[in-house]
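Peer 1: Attaching a single structure in structure tokens format; questions to follow.
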Amino acid sequence: MDLGIAGKTALVCGASKGLGYGCAEALVREGVNVVIVARGAEALEAAAKKLAEAAGASGAAFVKHVAADITTEAGRAAVFALGHDFDIVVTNAGGPPPGDFRNWDREAWIKAVDANMLTPIELIKATVDGMAKRGFGRIVNITSSSVKSPIDILGLSNGARSGLTGFVAGVARTPIAAQGVTINNLLPGSFDTDRLKGTMAGAAQKSGQDFDTVWEARKKNIPARRFGTPAEFGAICAFLCSVQAGYMTGQNVLADGGAYPGTY
């Protein structure tokens, strides 16, 4: 399927590895020009080199990278120094650490909300009107399956990402929807990433079990009996950015191998 987005320009956050990289790679393979952002300069440069190879094969004009913390004003300024005219924005920031809510002070909560709620809102605010003026825009927020099915040790993430979900539910249905702009949330369940490994290590420590036991038990609780891959997550993201997905907005798209047990 031709997604109809070749030649568009995308900003993909947290794209040096994991789900962010999967999204950037899928977009590049569709001929999309990408600007990738992450804090780790070395990993980001390596990711950019790999993406440039895919860009050469797909006909994308460029792959640019900015080593910056997108959750800070300075980081966003460094990105927008390249321009504001992004057709696609994929927001993504590392999730807050797991733990017991009794141990989280105000600073921990503010940091979580700043990274996982306010930063996506700032990125939307900076780009959405330009998208509407041009008649095309796609914003995909990488959130978490915990928005629908909370995970007890991820309370900081549960709260901050739920706040973003509520915001998007409103803004996606404003007049921008009639101007070709969609805003959707993509909710990953258990994907084979460093983030999952860190969460599982925390769960293993809390339960007193070894890592491999916890890892395999988590797999068995997923109907698909496996963890997702960044590449298949990226493919879903690319579709949400396509011209074919223009009638989908304000949605929470869950990708979790069937783990969520609800009907709705």
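Chain labels A, B, ... are given in the sequence in which chains occur in the structure tokens; within each chain residues are numbered consecutively from 1, and ligands are likewise numbered from 1 in the order shown.
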Would you give me, as number ranges by chain, the residues in segment 31-258 of chain A that DSSP reads as strand (DSSP E)?
Peer 2: A: 33-38, 63-67, 88-91, 137-142, 181-188, 252-255
Peer 1: Selected residues, N, CA, C and O atoms, written as a compact mmCIF listing (two decimals), in the first residue's frame, please.
Peer 2:
```txt
# COMPACT_ATOMS: atom_id res chain seq x y z
N ASN A 33 10.95 12.42 4.78
CA ASN A 33 12.14 13.05 5.33
C ASN A 33 11.98 13.12 6.84
O ASN A 33 10.91 13.50 7.32
N VAL A 34 13.02 12.78 7.59
CA VAL A 34 12.86 12.76 9.04
C VAL A 34 13.93 13.57 9.76
O VAL A 34 15.09 13.63 9.32
N VAL A 35 13.50 14.15 10.86
CA VAL A 35 14.40 14.75 11.84
C VAL A 35 14.22 13.93 13.11
O VAL A 35 13.11 13.85 13.64
N ILE A 36 15.27 13.30 13.56
CA ILE A 36 15.18 12.47 14.76
C ILE A 36 15.87 13.16 15.92
O ILE A 36 16.87 13.86 15.75
N VAL A 37 15.31 12.96 17.10
CA VAL A 37 15.80 13.63 18.30
C VAL A 37 15.96 12.62 19.42
O VAL A 37 15.11 11.72 19.58
N ALA A 38 17.03 12.74 20.17
CA ALA A 38 17.23 11.94 21.38
C ALA A 38 18.35 12.59 22.18
O ALA A 38 19.10 13.42 21.65
N VAL A 63 17.78 12.76 6.18
CA VAL A 63 17.64 12.34 7.57
C VAL A 63 18.54 13.27 8.38
O VAL A 63 19.75 13.31 8.16
N LYS A 64 17.94 14.03 9.26
CA LYS A 64 18.70 14.93 10.13
C LYS A 64 18.53 14.48 11.57
O LYS A 64 17.53 13.86 11.93
N HIS A 65 19.51 14.81 12.40
CA HIS A 65 19.40 14.42 13.81
C HIS A 65 19.84 15.57 14.71
O HIS A 65 20.74 16.35 14.35
N VAL A 66 19.16 15.67 15.84
CA VAL A 66 19.46 16.71 16.82
C VAL A 66 19.60 16.03 18.18
O VAL A 66 18.64 15.43 18.69
N ALA A 67 20.79 16.10 18.75
CA ALA A 67 21.01 15.54 20.08
C ALA A 67 20.55 16.55 21.11
O ALA A 67 21.21 17.58 21.33
N ILE A 88 4.44 15.78 9.97
CA ILE A 88 4.20 14.66 10.88
C ILE A 88 5.03 14.90 12.13
O ILE A 88 6.21 15.26 12.05
N VAL A 89 4.42 14.68 13.28
CA VAL A 89 5.15 14.76 14.55
C VAL A 89 4.83 13.51 15.37
O VAL A 89 3.66 13.21 15.61
N VAL A 90 5.87 12.81 15.76
CA VAL A 90 5.71 11.64 16.63
C VAL A 90 6.34 12.00 17.97
O VAL A 90 7.55 12.16 18.07
N THR A 91 5.49 12.19 18.97
CA THR A 91 6.00 12.55 20.30
C THR A 91 6.33 11.29 21.08
O THR A 91 5.61 10.29 21.01
N GLY A 137 -1.76 17.24 8.31
CA GLY A 137 -0.94 17.07 9.50
C GLY A 137 -1.27 15.77 10.21
O GLY A 137 -2.43 15.35 10.25
N ARG A 138 -0.25 15.14 10.74
CA ARG A 138 -0.43 13.92 11.51
C ARG A 138 0.41 14.02 12.77
O ARG A 138 1.63 14.21 12.71
N ILE A 139 -0.25 13.90 13.92
CA ILE A 139 0.46 13.86 15.20
C ILE A 139 0.14 12.53 15.85
O ILE A 139 -1.04 12.17 16.00
N VAL A 140 1.18 11.81 16.20
CA VAL A 140 1.03 10.52 16.88
C VAL A 140 1.80 10.60 18.19
O VAL A 140 3.02 10.85 18.19
N ASN A 141 1.10 10.43 19.29
CA ASN A 141 1.73 10.43 20.61
C ASN A 141 1.94 8.99 21.07
O ASN A 141 0.97 8.23 21.20
N ILE A 142 3.18 8.64 21.31
CA ILE A 142 3.45 7.31 21.87
C ILE A 142 3.21 7.40 23.37
O ILE A 142 3.93 8.10 24.08
N VAL A 181 -5.94 17.70 9.75
CA VAL A 181 -5.00 17.37 10.82
C VAL A 181 -5.60 16.33 11.76
O VAL A 181 -6.72 16.51 12.26
N THR A 182 -4.88 15.25 11.99
CA THR A 182 -5.33 14.24 12.94
C THR A 182 -4.34 14.14 14.09
O THR A 182 -3.14 14.34 13.91
N ILE A 183 -4.87 13.84 15.26
CA ILE A 183 -4.03 13.61 16.45
C ILE A 183 -4.51 12.31 17.09
O ILE A 183 -5.68 12.19 17.47
N ASN A 184 -3.63 11.36 17.17
CA ASN A 184 -3.95 10.07 17.76
C ASN A 184 -2.87 9.63 18.74
O ASN A 184 -1.73 10.09 18.66
N ASN A 185 -3.24 8.75 19.64
CA ASN A 185 -2.30 8.18 20.59
C ASN A 185 -2.07 6.71 20.24
O ASN A 185 -3.03 5.98 19.95
N LEU A 186 -0.83 6.30 20.28
CA LEU A 186 -0.47 4.92 20.00
C LEU A 186 0.03 4.29 21.30
O LEU A 186 1.03 4.75 21.87
N LEU A 187 -0.68 3.28 21.79
CA LEU A 187 -0.47 2.72 23.12
C LEU A 187 0.26 1.38 23.04
O LEU A 187 -0.36 0.35 22.74
N PRO A 188 1.56 1.36 23.29
CA PRO A 188 2.27 0.08 23.26
C PRO A 188 2.05 -0.73 24.52
O PRO A 188 2.03 -0.19 25.64
N ASN A 252 -7.27 6.18 20.61
CA ASN A 252 -6.22 5.52 21.37
C ASN A 252 -6.04 4.12 20.79
O ASN A 252 -6.87 3.24 21.01
N VAL A 253 -4.99 3.96 20.01
CA VAL A 253 -4.77 2.71 19.28
C VAL A 253 -3.86 1.81 20.12
O VAL A 253 -2.69 2.11 20.35
N LEU A 254 -4.43 0.70 20.57
CA LEU A 254 -3.73 -0.20 21.48
C LEU A 254 -3.04 -1.32 20.70
O LEU A 254 -3.65 -2.01 19.89
N ALA A 255 -1.75 -1.48 20.94
CA ALA A 255 -0.97 -2.56 20.32
C ALA A 255 -0.32 -3.35 21.44
O ALA A 255 0.73 -2.96 21.97
```
Peer 1: With a distance cut-off of 12 Å and only C-alpha atoms, select the neighbouring residues of Ser190 of chain A, excluding the residue or stretch itself and same-chain residues fewer than 2 positions from it, and output the selection as a PyMOL selection string.
Peer 2: chain A and resi 18-19+144-146+151+187-188+192-200+215+218-230+233+254-260
Peer 1: Using backbone DSSP assignments, extract all helix (DSSP H, G or I) residues from segment 61-255 of chain A; output them as a PyMOL selection string.
Peer 2: chain A and resi 73-80+101-103+106-134+145-147+152-171+175-179+194-207+211-220+230-240+243-245
Peer 1: Smallest atom-to-atom distance to Ala204 of chain A: which of A:Ile153, A:Gly20, A:Met131, A:Gly163, using only C-alpha atoms?
Peer 2: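 For Ala204 of chain A, the nearest of the candidates is A:Ile153.
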Peer 1: Would you pick out the contacts of segment 47-49 of chain A at 8 Å or less, using only C-alpha atoms, so that residues sharing its chain but fewer than 2 positions from it are not included, and give the list as number ranges by chain?
Peer 2: A: 15-17, 21, 36, 43-45, 51-53, 63-65
Peer 1: Mind writing the picked residues with N, CA and C atoms as a PDB file, in the first residue's frame?
Peer 2:
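Result file is part-v1.pdb:
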```pdb
ATOM      1  N   ALA A  15      14.138   8.827  19.160  1.00  0.00           N
ATOM      2  CA  ALA A  15      14.258   7.947  17.999  1.00  0.00           C
ATOM      3  C   ALA A  15      15.612   7.282  17.841  1.00  0.00           C
ATOM      4  N   SER A  16      16.449   7.307  18.856  1.00  0.00           N
ATOM      5  CA  SER A  16      17.758   6.668  18.716  1.00  0.00           C
ATOM      6  C   SER A  16      17.660   5.153  18.807  1.00  0.00           C
ATOM      7  N   LYS A  17      16.574   4.652  19.410  1.00  0.00           N
ATOM      8  CA  LYS A  17      16.403   3.207  19.549  1.00  0.00           C
ATOM      9  C   LYS A  17      14.946   2.919  19.927  1.00  0.00           C
ATOM     10  N   TYR A  21      12.694   4.681  17.243  1.00  0.00           N
ATOM     11  CA  TYR A  21      13.470   4.327  16.057  1.00  0.00           C
ATOM     12  C   TYR A  21      12.606   3.525  15.079  1.00  0.00           C
ATOM     13  N   ILE A  36      15.273  13.296  13.561  1.00  0.00           N
ATOM     14  CA  ILE A  36      15.181  12.472  14.759  1.00  0.00           C
ATOM     15  C   ILE A  36      15.874  13.161  15.924  1.00  0.00           C
ATOM     16  N   ALA A  43      24.372   7.236  20.251  1.00  0.00           N
ATOM     17  CA  ALA A  43      23.341   6.317  19.755  1.00  0.00           C
ATOM     18  C   ALA A  43      22.504   6.979  18.668  1.00  0.00           C
ATOM     19  N   LEU A  44      22.264   8.282  18.809  1.00  0.00           N
ATOM     20  CA  LEU A  44      21.464   9.005  17.823  1.00  0.00           C
ATOM     21  C   LEU A  44      22.190   9.074  16.485  1.00  0.00           C
ATOM     22  N   GLU A  45      23.475   9.319  16.519  1.00  0.00           N
ATOM     23  CA  GLU A  45      24.246   9.391  15.280  1.00  0.00           C
ATOM     24  C   GLU A  45      24.254   8.039  14.573  1.00  0.00           C
ATOM     25  N   LEU A  51      19.318   5.017   9.254  1.00  0.00           N
ATOM     26  CA  LEU A  51      18.142   5.567   8.584  1.00  0.00           C
ATOM     27  C   LEU A  51      18.508   6.181   7.236  1.00  0.00           C
ATOM     28  N   ALA A  52      19.699   6.768   7.152  1.00  0.00           N
ATOM     29  CA  ALA A  52      20.133   7.372   5.892  1.00  0.00           C
ATOM     30  C   ALA A  52      20.249   6.326   4.791  1.00  0.00           C
ATOM     31  N   GLU A  53      20.658   5.118   5.162  1.00  0.00           N
ATOM     32  CA  GLU A  53      20.740   4.034   4.184  1.00  0.00           C
ATOM     33  C   GLU A  53      19.344   3.694   3.661  1.00  0.00           C
ATOM     34  N   VAL A  63      17.785  12.761   6.178  1.00  0.00           N
ATOM     35  CA  VAL A  63      17.643  12.343   7.570  1.00  0.00           C
ATOM     36  C   VAL A  63      18.537  13.265   8.381  1.00  0.00           C
ATOM     37  N   LYS A  64      17.938  14.033   9.261  1.00  0.00           N
ATOM     38  CA  LYS A  64      18.702  14.926  10.126  1.00  0.00           C
ATOM     39  C   LYS A  64      18.531  14.478  11.572  1.00  0.00           C
ATOM     40  N   HIS A  65      19.509  14.805  12.400  1.00  0.00           N
ATOM     41  CA  HIS A  65      19.404  14.422  13.812  1.00  0.00           C
ATOM     42  C   HIS A  65      19.845  15.574  14.708  1.00  0.00           C
TER      43      HIS A  65
END
```
Peer 1: Would you kindly return, as a list in words, each protein, DNA or RNA residue with an atom no farther than 9 Å from any atom of segment 100-113 of chain A, considering only C-alpha atoms and excluding same-chain residues fewer than 4 positions away?
Peer 2: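 The residues that qualify are Gly95, Pro96, Met117, Leu118, Thr119, Asp152, Ile153, Leu154, Gly155, Leu156, Ser157, Gly159, Ala160, Arg161, Gly163 and Leu164 of chain A.
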